[in-house]
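Shown next: target.csv, given as CSV, C-alpha atoms and all ligand atoms.
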```
chain,number,residue,atom,x,y,z
L,1,MET,CA,-21.1,-17.1,-36.8
L,2,PRO,CA,-20.9,-14.8,-33.8
L,3,LYS,CA,-18.0,-12.4,-33.7
L,4,VAL,CA,-15.8,-13.4,-30.8
L,5,LYS,CA,-13.9,-10.5,-29.4
L,6,GLU,CA,-10.7,-11.1,-27.6
L,7,LYS,CA,-11.1,-10.2,-24.0
L,8,LYS,CA,-8.7,-7.4,-23.0
L,9,THR,CA,-6.4,-8.2,-20.1
L,10,ARG,CA,-4.5,-5.4,-18.4
L,11,VAL,CA,-1.1,-7.0,-18.3
L,12,HIS,CA,2.0,-5.2,-17.1
L,13,ASP,CA,4.6,-5.9,-19.8
L,14,LYS,CA,7.5,-6.5,-17.5
L,15,VAL,CA,5.6,-8.8,-15.3
L,16,ALA,CA,4.1,-10.6,-18.2
L,17,MET,CA,7.6,-11.3,-19.3
L,18,GLN,CA,8.3,-12.9,-16.0
L,19,GLY,CA,5.2,-15.0,-16.4
L,20,ILE,CA,2.8,-13.3,-14.0
L,21,GLN,CA,-0.1,-11.1,-15.1
L,22,PHE,CA,-1.1,-8.8,-12.4
L,23,ASN,CA,-4.8,-8.9,-11.6
L,24,LYS,CA,-6.6,-5.5,-11.3
L,25,ASP,CA,-9.5,-7.1,-9.4
L,26,PHE,CA,-7.0,-8.0,-6.5
L,27,GLY,CA,-5.6,-4.4,-6.5
L,28,GLN,CA,-2.2,-5.7,-7.5
L,29,HIS,CA,-0.3,-2.4,-7.7
L,30,ILE,CA,3.2,-3.7,-7.0
L,31,LEU,CA,5.7,-1.3,-5.4
L,32,LYS,CA,8.9,-1.2,-7.6
L,33,ASN,CA,11.0,1.5,-5.9
L,34,PRO,CA,13.2,-0.2,-3.3
L,35,LEU,CA,13.8,3.1,-1.5
L,36,ILE,CA,10.1,3.6,-0.9
L,37,ILE,CA,9.7,0.0,0.2
L,38,GLN,CA,12.5,0.5,2.7
L,39,ALA,CA,11.0,3.8,3.9
L,40,ILE,CA,7.7,2.1,4.6
L,41,VAL,CA,9.3,-0.8,6.5
L,42,ASP,CA,11.4,1.8,8.5
L,43,LYS,CA,8.2,3.5,9.6
L,44,GLY,CA,7.2,0.3,11.4
L,45,CYS,CA,10.3,0.6,13.7
L,46,ILE,CA,10.4,-3.2,13.8
L,47,ARG,CA,11.9,-4.8,16.9
L,48,PRO,CA,13.7,-8.1,16.7
L,49,THR,CA,11.0,-9.6,18.9
L,50,ASP,CA,8.1,-8.5,16.6
L,51,THR,CA,5.7,-10.8,14.8
L,52,VAL,CA,4.6,-8.7,11.8
L,53,LEU,CA,1.4,-9.2,9.8
L,54,GLU,CA,1.7,-8.3,6.1
L,55,ILE,CA,-1.5,-8.2,4.1
L,56,GLY,CA,-1.0,-8.9,0.4
L,57,PRO,CA,2.7,-9.6,0.2
L,58,GLY,CA,2.5,-9.9,-3.6
L,59,THR,CA,5.8,-11.0,-5.0
L,60,GLY,CA,7.5,-10.4,-1.6
L,61,ASN,CA,9.5,-7.2,-2.2
L,62,MET,CA,8.4,-5.8,1.1
L,63,THR,CA,8.2,-9.2,2.9
L,64,VAL,CA,11.9,-9.8,2.6
L,65,LYS,CA,12.7,-6.4,4.0
L,66,ILE,CA,10.5,-7.1,7.0
L,67,LEU,CA,12.0,-10.6,7.4
L,68,GLU,CA,15.4,-9.0,7.7
L,69,GLN,CA,14.3,-7.3,11.0
L,70,ALA,CA,11.4,-9.2,12.5
L,71,LYS,CA,11.3,-12.4,14.5
L,72,LYS,CA,8.4,-13.7,12.4
L,73,VAL,CA,6.2,-12.6,9.4
L,74,ILE,CA,2.7,-13.7,8.8
L,75,ALA,CA,1.7,-12.9,5.2
L,76,CYS,CA,-1.8,-13.3,4.0
L,77,GLU,CA,-2.2,-13.5,0.2
L,78,ILE,CA,-5.3,-14.3,-1.9
L,79,ASP,CA,-3.5,-15.0,-5.2
L,80,PRO,CA,-2.0,-18.5,-5.2
L,81,ARG,CA,0.4,-17.5,-8.1
L,82,LEU,CA,1.9,-14.8,-5.9
L,83,VAL,CA,2.1,-17.2,-2.9
L,84,ALA,CA,4.1,-19.6,-5.1
L,85,GLU,CA,6.4,-16.7,-6.1
L,86,LEU,CA,6.9,-15.8,-2.5
L,87,GLN,CA,7.6,-19.3,-1.4
L,88,LYS,CA,10.2,-19.7,-4.2
L,89,ARG,CA,11.8,-16.4,-3.1
L,90,VAL,CA,12.4,-17.5,0.5
L,91,GLN,CA,13.1,-21.2,-0.1
L,92,GLY,CA,16.5,-22.3,1.1
L,93,THR,CA,17.1,-18.9,2.7
L,94,GLN,CA,17.4,-17.9,6.4
L,95,PHE,CA,13.9,-16.4,6.0
L,96,GLN,CA,12.1,-19.6,5.2
L,97,THR,CA,11.4,-20.7,8.8
L,98,LYS,CA,10.4,-17.1,9.8
L,99,LEU,CA,7.7,-16.8,7.2
L,100,GLU,CA,4.2,-18.2,7.7
L,101,ILE,CA,1.9,-17.7,4.6
L,102,LEU,CA,-1.9,-17.7,5.0
L,103,ILE,CA,-3.5,-18.3,1.6
L,104,GLY,CA,-6.9,-16.7,1.1
L,105,ASP,CA,-9.0,-13.6,1.6
L,106,VAL,CA,-7.8,-11.7,4.6
L,107,ILE,CA,-11.3,-10.5,5.4
L,108,LYS,CA,-12.4,-14.1,5.9
L,109,THR,CA,-9.2,-15.3,7.6
L,110,SER,CA,-8.9,-15.7,11.3
L,111,LEU,CA,-5.7,-13.9,12.1
L,112,PRO,CA,-3.2,-15.3,14.6
L,113,PHE,CA,-1.2,-13.2,17.0
L,114,PHE,CA,0.8,-10.3,15.6
L,115,ASN,CA,2.0,-7.1,17.3
L,116,LEU,CA,2.7,-5.0,14.2
L,117,CYS,CA,1.2,-4.7,10.8
L,118,ILE,CA,2.9,-3.4,7.7
L,119,ALA,CA,1.2,-3.5,4.3
L,120,ASN,CA,0.5,-2.0,0.9
L,121,ILE,CA,-3.1,-3.0,1.1
L,122,PRO,CA,-5.5,-4.0,-1.7
L,123,TYR,CA,-7.5,-0.8,-2.1
L,124,GLN,CA,-10.8,-2.6,-2.8
L,125,ILE,CA,-10.9,-3.9,0.8
L,126,SER,CA,-9.5,-0.9,2.6
L,127,SER,CA,-12.6,-0.2,4.8
L,128,PRO,CA,-13.4,-3.7,6.0
L,129,LEU,CA,-9.8,-4.4,6.5
L,130,ILE,CA,-9.2,-1.3,8.7
L,131,PHE,CA,-12.1,-2.4,10.9
L,132,LYS,CA,-11.0,-6.0,11.0
L,133,LEU,CA,-7.6,-4.7,12.2
L,134,LEU,CA,-9.0,-2.2,14.7
L,135,LEU,CA,-11.2,-4.9,16.3
L,136,HIS,CA,-8.4,-7.5,16.4
L,137,ARG,CA,-7.5,-8.8,19.8
L,138,PRO,CA,-5.0,-8.7,21.5
L,139,VAL,CA,-4.4,-5.1,20.4
L,140,PHE,CA,-1.3,-4.6,18.4
L,141,ARG,CA,1.2,-1.8,18.6
L,142,LEU,CA,1.0,-0.1,15.2
L,143,ALA,CA,-0.2,-0.6,11.6
L,144,VAL,CA,1.7,1.1,8.8
L,145,LEU,CA,-0.7,0.9,5.8
L,146,MET,CA,-0.5,2.2,2.3
L,147,VAL,CA,-3.9,3.3,1.2
L,148,GLN,CA,-5.3,5.6,-1.6
L,149,ARG,CA,-4.9,9.3,-0.9
L,150,GLU,CA,-8.5,10.1,-0.5
L,151,PHE,CA,-9.1,7.2,1.8
L,152,ALA,CA,-6.2,8.3,4.0
L,153,GLN,CA,-7.6,11.9,4.0
L,154,ARG,CA,-11.0,10.5,5.2
L,155,LEU,CA,-9.3,8.5,8.0
L,156,VAL,CA,-7.7,11.7,9.4
L,157,ALA,CA,-10.5,14.2,8.6
L,158,LYS,CA,-11.7,16.4,11.5
L,159,PRO,CA,-15.3,17.6,12.1
L,160,GLY,CA,-16.2,20.4,9.7
L,161,GLU,CA,-13.7,19.2,7.0
L,162,LYS,CA,-15.0,18.2,3.6
L,163,LEU,CA,-14.0,14.5,3.9
L,164,PHE,CA,-15.2,14.0,7.5
L,165,CYS,CA,-17.4,11.0,7.5
L,166,ARG,CA,-18.5,7.9,9.5
L,167,LEU,CA,-15.2,6.3,8.7
L,168,SER,CA,-13.3,9.2,10.2
L,169,ILE,CA,-15.4,9.1,13.4
L,170,ASN,CA,-15.2,5.3,13.9
L,171,VAL,CA,-11.5,5.0,13.2
L,172,GLN,CA,-10.5,7.9,15.4
L,173,LEU,CA,-12.6,6.5,18.2
L,174,LEU,CA,-10.5,3.3,18.1
L,175,ALA,CA,-7.0,4.6,17.2
L,176,ARG,CA,-4.7,7.5,16.7
L,177,VAL,CA,-4.2,7.9,12.9
L,178,ASP,CA,-1.7,10.0,11.0
L,179,ILE,CA,-0.6,10.4,7.4
L,180,ILE,CA,3.1,9.8,7.4
L,181,LEU,CA,4.2,9.6,3.8
L,182,LYS,CA,3.0,10.4,0.3
L,183,VAL,CA,4.0,8.0,-2.4
L,184,GLY,CA,3.9,9.0,-6.1
L,185,LYS,CA,2.1,6.9,-8.7
L,186,ASN,CA,5.4,6.3,-10.6
L,187,ASN,CA,6.6,4.1,-7.8
L,188,PHE,CA,4.2,1.3,-8.7
L,189,ARG,CA,4.3,-1.3,-11.5
L,190,ARG,CA,0.6,-0.9,-12.3
L,191,ARG,CA,0.0,2.8,-11.5
L,192,PRO,CA,-3.0,3.4,-9.2
L,193,ARG,CA,-5.5,6.0,-10.2
L,194,SER,CA,-4.8,8.3,-7.3
L,195,SER,CA,-1.5,8.7,-5.4
L,196,PRO,CA,-1.4,6.4,-2.3
L,197,VAL,CA,-0.3,7.6,1.1
L,198,LEU,CA,0.8,5.8,4.2
L,199,SER,CA,-1.1,6.1,7.4
L,200,ASP,CA,-0.7,4.6,10.8
L,301,LIG,C1,-1.3,-3.3,-3.5
L,301,LIG,S1,-0.8,-5.0,-3.8
L,301,LIG,C2,0.7,-5.0,-2.7
L,301,LIG,C3,1.7,-6.0,-3.2
L,301,LIG,C4,3.1,-5.9,-2.5
L,301,LIG,N1,2.9,-6.0,-1.0
L,301,LIG,C5,3.8,-4.6,-2.8
L,301,LIG,O1,3.8,-3.8,-1.9
L,301,LIG,O2,4.3,-4.5,-3.9
L,301,LIG,C6,-2.0,-5.9,-2.9
L,301,LIG,C7,-1.8,-7.3,-2.7
L,301,LIG,O3,-2.9,-7.9,-1.9
L,301,LIG,C8,-3.4,-9.1,-2.5
L,301,LIG,N2,-4.8,-9.2,-2.1
L,301,LIG,C9,-5.9,-8.6,-2.8
L,301,LIG,N3,-7.0,-8.9,-2.2
L,301,LIG,C10,-6.7,-9.6,-1.1
L,301,LIG,C11,-7.5,-10.2,0.0
L,301,LIG,N4,-8.8,-10.1,0.0
L,301,LIG,N5,-6.8,-10.9,0.9
L,301,LIG,C12,-5.5,-11.1,0.9
L,301,LIG,N6,-4.7,-10.6,-0.1
L,301,LIG,C13,-5.3,-9.8,-1.0
L,301,LIG,C14,-3.1,-8.9,-3.9
L,301,LIG,O4,-3.0,-10.2,-4.6
L,301,LIG,C15,-1.7,-8.2,-3.9
L,301,LIG,O5,-0.7,-9.1,-3.8
```
Hey, can you dump this file as structure tokens for me?
Ligand SMILES: C[S@@+](CC[C@H](N)C(=O)[O-])C[C@H]1O[C@@H](n2cnc3c(N)ncnc32)[C@H](O)[C@@H]1O
Amino acid sequence: MPKVKEKKTRVHDKVAMQGIQFNKDFGQHILKNPLIIQAIVDKGCIRPTDTVLEIGPGTGNMTVKILEQAKKVIACEIDPRLVAELQKRVQGTQFQTKLEILIGDVIKTSLPFFNLCIANIPYQISSPLIFKLLLHRPVFRLAVLMVQREFAQRLVAKPGEKLFCRLSINVQLLARVDIILKVGKNNFRRRPRSSPVLSD
């Protein structure tokens, strides 16, 4: 008889207790520190007239904070389990009518109008996502994006610097980009390998 080995799943204990196993393949590093979540949302300087795009709302910790300030939130999430969580979270609240959820891969999704983007993005798709956003029309005001530290450093790298690359050139041709906040690994439920940073 063949020896069948149990497949190892990387499950975060607390979330497993709540019934959801975070999926590493979808970059599900969930922010757990409410102060950091609020700091990120504040960096967006949301206006009451804003339609905000959030990529990967996850369980909705950041989504509800954005909903408190924006006219509308469009949240694009690939994982139907997290979509269900988010729907449950807003059901019967004042936020229900302000939230539109797009279920699927953001890269393959045609995005409707938005004028601000705030997201803790799945790191696997950082590069194609940045270009999708930069080529989106009509042009939006600002994107506040949490990305991995080295990726952010490449985004802002200047000629002659070690991390200067094609990504730096192309992004800086299309937008002004700055690193605005460094977020330690301990602020996440499934700790990412390198500390993320926020860039806009
Ligand atoms: C880094 S987590 C952020 C979760 C939550 N917004 C937070 O800050 O705690 C990335 C989220 O993006 C979702 N995701 C991964 N790949 C995606 C894709 N291609 N399109 C849309 N959502 C995606 C994941 O399921 C997960 O919810």
Kindly work out which residues sit at most 7 Å from ligand LIG 301 (chain L), using only C-alpha atoms and all ligand atoms, and give the list as a PyMOL selection string. chain L and resi 26-32+55-62+76-79+82+104-107+119-123+125
Could you check the closest approach to Val64 in chain L for each of L:His136, L:Lys98, L:Lys185, L:Arg81 and tell me which residue wins, using all atoms listed in the file?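 Of L:His136, L:Lys98, L:Lys185, L:Arg81, the one nearest Val64 in chain L is L:Lys98, counting all atoms listed in the file.
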So what do you get for CA of Val156 in chain L versus CA of Ser168 in chain L, distance-wise?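 A separation of 6.2 Å between them.
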Please, what distance in Å, to one decimal, runs between CA of Val144 in chain L and CA of Gln172 in chain L? 15.4 Å
Which residues, written as a ChimeraX atom specification, have at least one atom at most 9 Å from Gln87 in chain L, with all atoms listed in the file counted and residues fewer than 2 positions away on the same chain left out? /L:60,82-85,89-91,96,99,101
CA of Lys162 in chain L and CA of Lys182 in chain L are how many Å apart? 19.9 Å
Would you please work out which residue, of L:Leu142, L:Arg149, L:Ile103, L:Gly160, is nearest to Val177 in chain L when using only C-alpha atoms?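 The answer is L:Leu142, which sits nearest to Val177 in chain L.
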Just need range 19-34 of chain L in a file, please: C-alpha atoms, as a PDB file, in the first residue's frame.
```
ATOM      1  CA  GLY L  19     -13.711  28.629  10.350  1.00  0.00           C
ATOM      2  CA  ILE L  20     -11.532  30.291   7.703  1.00  0.00           C
ATOM      3  CA  GLN L  21      -8.154  28.962   6.648  1.00  0.00           C
ATOM      4  CA  PHE L  22      -6.088  31.668   5.030  1.00  0.00           C
ATOM      5  CA  ASN L  23      -4.672  30.740   1.682  1.00  0.00           C
ATOM      6  CA  LYS L  24      -0.999  31.541   1.083  1.00  0.00           C
ATOM      7  CA  ASP L  25      -1.468  31.287  -2.680  1.00  0.00           C
ATOM      8  CA  PHE L  26      -3.779  34.303  -2.538  1.00  0.00           C
ATOM      9  CA  GLY L  27      -1.341  36.323  -0.390  1.00  0.00           C
ATOM     10  CA  GLN L  28      -3.811  36.408   2.482  1.00  0.00           C
ATOM     11  CA  HIS L  29      -1.745  38.354   5.015  1.00  0.00           C
ATOM     12  CA  ILE L  30      -4.541  39.914   7.021  1.00  0.00           C
ATOM     13  CA  LEU L  31      -3.880  43.143   8.913  1.00  0.00           C
ATOM     14  CA  LYS L  32      -4.815  42.731  12.545  1.00  0.00           C
ATOM     15  CA  ASN L  33      -3.735  46.043  14.069  1.00  0.00           C
ATOM     16  CA  PRO L  34      -6.677  48.504  13.954  1.00  0.00           C
TER      17      PRO L  34
END
```
